[in-house]
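S.K.: What follows is a single structure, and I will ask about it in a moment.
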Amino acid sequence: MKARVHVLISGKVQGVWYRASTKQKADELGIFGWVRNTDDGDVEAMFEGDQTVVDEMVAWCWIGPPLARVTDIKMLPSHSDETYTVFMVLYK
């Protein structure tokens, strides 16, 4: 079963290789979507794939790379109908 989740990750998540590590983990799990920094210091991501691997990806987000310190993850409504075929790091 396919799933999609839009998340906002808060804490010490910028300047600690969070986006690059998220891409590496998403590629490892076969997840599609994107990850980007927000202007207020958070990281935002869209994950799309089989439900079990999407759940595993969100669980990994609580840990992140070694220098990250995640304090909160919010699930956001997904308003996109776009289907993803790769996982990308987005830059503003």
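How things are named: the first chain in the structure tokens is A, the next is B, and so on; residues count from 1 in each chain; ligands count from 1 in the order shown.
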Based on the backbone DSSP call, show me all residues of region 7-74 of chain A assigned helix (DSSP H, G or I), as a list in words.

M.R.: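 Those residues are Tyr18, Arg19, Ala20, Ser21, Thr22, Lys23, Gln24, Lys25, Ala26, Asp27, Glu28, Leu29, Gln51, Thr52, Val53, Val54, Asp55, Glu56, Met57, Val58, Ala59, Trp60 and Cys61 of chain A.
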
S.K.: For Gln14 (chain A), which of A:Thr85, A:Gly64, A:Ala26, A:Gly33 is the closest residue, counting only C-alpha atoms?

M.R.: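 Using only C-alpha atoms, the shortest distance to Gln14 (chain A) belongs to A:Gly64.
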
S.K.: Return as a PyMOL selection string the full set of residues in chain A whose backbone-based DSSP assignment is strand (DSSP E).

M.R.: chain A and resi 2-12+32-37+43-50+69-76+87-89

S.K.: Taking only C-alpha atoms into account, name the residue in A:Lys23, A:Arg4, A:Lys12, A:Lys92 that is nearest to Trp60 (chain A).

M.R.: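 Among the listed residues, the smallest separation from Trp60 (chain A) belongs to A:Lys23.
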
S.K.: List the neighbours of Cys61 (chain A) out to 9 Å using only C-alpha atoms; skip same-chain residues closer than 4 positions along the sequence, and give me the result as a ChimeraX atom specification.

M.R.: /A:9,18,22,56-57,65,70,73

S.K.: Using only C-alpha atoms, please write the residues we just selected to a file, as a PDB file, in the first residue's frame.

M.R.:
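See again26.pdb below for the written result:
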ATOM      1  CA  ILE A   9      11.165  18.447  11.761  1.00  0.00           C
ATOM      2  CA  TYR A  18      20.255  16.569   8.039  1.00  0.00           C
ATOM      3  CA  THR A  22      17.722  12.201   4.850  1.00  0.00           C
ATOM      4  CA  GLU A  56      10.532   3.604   8.996  1.00  0.00           C
ATOM      5  CA  MET A  57      11.645   6.889   7.403  1.00  0.00           C
ATOM      6  CA  PRO A  65      22.460  12.331  11.611  1.00  0.00           C
ATOM      7  CA  VAL A  70      15.282  16.565  17.008  1.00  0.00           C
ATOM      8  CA  ILE A  73       8.057  16.219  14.250  1.00  0.00           C
TER       9      ILE A  73
END

S.K.: So which residues touch Met75 (chain A) within 9 Å, counting only C-alpha atoms, skipping near sequence neighbours fewer than 5 positions away, as a CSV table (one decimal) with N, CA and C atoms, in the first residue's frame?

M.R.:
chain,number,residue,atom,x,y,z
A,5,VAL,N,3.5,11.2,3.3
A,5,VAL,CA,3.5,11.9,4.6
A,5,VAL,C,4.4,13.2,4.4
A,6,HIS,N,3.8,14.3,4.8
A,6,HIS,CA,4.5,15.6,4.8
A,6,HIS,C,4.9,15.9,6.2
A,7,VAL,N,6.2,16.1,6.5
A,7,VAL,CA,6.6,16.3,7.9
A,7,VAL,C,7.4,17.6,8.0
A,8,LEU,N,7.3,18.2,9.3
A,8,LEU,CA,8.1,19.3,9.6
A,8,LEU,C,8.9,18.9,10.9
